[in-house]
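In what follows, a structure is listed as C-alpha cells, so that the remarks can point back to it.
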Amino acid sequence: MDDGLHRTPRLYVETPLSSGETLALDKAQSHYVVNVMRAKVGGQVRLFNGRDGEWLAKVTNAAKRACVLEIERRTREQENLRDIHYLFAPLKHARIDYMVQKATEMGAAVLQPVLTDHTNVQRIKLERMGANAIEAAEQCNLLAVPQVRDAIKLEALLARWDESRQLVFCDEGAEKTSPITALQKIEPGPLAVLIGPEGGFSPAERDMLHGLPFAHGVGLGPRIMRADTAAVAALALIQSVLGDWR
C-alpha cells in the first residue's frame with residue numbers, strides 16, 4: 001500500500017471494481033464519507049470487495065446521502081484469507097460484537113455460530129455479525145471479509161464434517177502442556193477452531209469431540225479465560241503455528 005494512503009477512508013462494497021467505473025454509495029456509506037470523514041469533491045476513498053483487490057477512487061459528488069465515486073487505480077492485488085473457520089458458541093451482544101471483530105482481525109475466513117448443550121444465547125443477529133466483520137476488515141486493511149454462516153447445533157455440524165479439515169477445540173480439561181507443542185503435531189491445511197460456551201462443553205460433547213479422528217483438544221494455559229478472550233488467544237496460536245504468521 002502507498003504510504004500516503006494509510007489515512008484514506010476504506011469501504012467494503014459488493015460491486016465489481018475496475019478503472020474508470022462510477023460507483024454511487026448507499027445512504028450509510030455516503031454519510032460516513034461526507035459527514036464523518038469530511039470528504040470533499042476530489043477527495044479519495046479506498047475500496048475493496050473481497051475479489052478485485054483494493055482500489056483508489058475519487059469523490060466526484062459529495063452529496064450527503066448520495067456520494068458518487070470514480071474508480072481510478074488498483075493499489076493492492078487481492079489476497080485471500082487463510083482457510084480457517086472460526087466456530088463459537090454465541091455470547092451476549094456486546095461480547096459477540098467484540099469476538100466477531102477480533103476473529104476478523106485475526107484472519108478467520110468463516111464465522112460459524114454453534115449451539116452447544118450449555119449455550120445460553122439462542123438468537124443470533126447474523127446481519128449485525130456481518131456488519132461488525134465488515135467494519136473490522138475496513139479498519140484493519142484486510143482485503144476480504146469472512147463469511148458469516150447460520151447457527152447450527154454442534155452434533156449436526158460434526159455429522160456433516162469434511163474430515164480433510166482438522167478441528168482444534170479449546171479443551172479446559174486438556175493436559176497442562178504447551179498448546180504450541182500440541183499444534184505442531186497437526187499437519188498444515190484446512191482448519192477450524194472451536195470455542196465452547198461460558199460453561200464449557202458438556203461431558204457428552206467432550207467425549208464426542210475426543211472420539212473424532214480429525215479433532216484435537218488443546219488447552220490455553222492454567223487460567224480459565226472468557227470465551228471472547230479465548231477466541232483471540234486460540235486464533236493467535238493457530239496463526240503462529242499453522243497459519244499465515246509461520
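By order in the C-alpha cells, chains are A, B, ...; within a chain, residues start at 1; ligands start at 1, following the order shown.
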Using only C-alpha atoms, which protein or nucleic acid residues come within 12 Å of Ala39 of chain A? Drop anything in the same chain fewer than 2 positions from it, and give the result as a ChimeraX atom specification. /A:8-9,29-37,41-45,57-64,67-69
Please provide as an mmCIF file with C-alpha atoms, in the first residue's frame all residues within 7 Å of Gly20 of chain A, with the sequence filter that same-chain residues fewer than 2 positions apart are discarded (counting only C-alpha atoms).
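The resulting selection-v8.cif:
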```
data_model
loop_
_atom_site.group_PDB
_atom_site.id
_atom_site.type_symbol
_atom_site.label_atom_id
_atom_site.label_comp_id
_atom_site.auth_asym_id
_atom_site.auth_seq_id
_atom_site.Cartn_x
_atom_site.Cartn_y
_atom_site.Cartn_z
ATOM 1 C CA SER A 18 -12.268 -1.606 -12.240
ATOM 2 C CA THR A 22 -18.505 5.119 -11.382
ATOM 3 C CA GLU A 70 -14.931 7.450 -9.786
ATOM 4 C CA ILE A 71 -12.629 4.431 -9.535
ATOM 5 C CA GLU A 72 -9.097 5.330 -10.599
#
```
Any idea what's packed within 12 Å of Val114 of chain A, counting only C-alpha atoms, ignoring anything in its chain fewer than 4 positions away? Could you give it as a ChimeraX atom specification? /A:85-91,118-124,148-158,193-197,201
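The residues of segment 90-140 of chain A that DSSP classifies as helix (DSSP H, G or I), using the backbone of this structure, are His93, Ala94, Arg95, Ile96, Asp97, Tyr98, Met99, Val100, Gln101, Lys102, Ala103, Thr104, Glu105, Leu126, Glu127, Arg128, Met129, Gly130, Ala131, Asn132, Ala133, Ile134, Glu135, Ala136, Ala137, Glu138 and Gln139 of chain A.
Proximity ranking of A:Ser240, A:Thr104, A:Thr116, A:Ser178 relative to Gly200 of chain A places A:Thr116 first, based on only C-alpha atoms.
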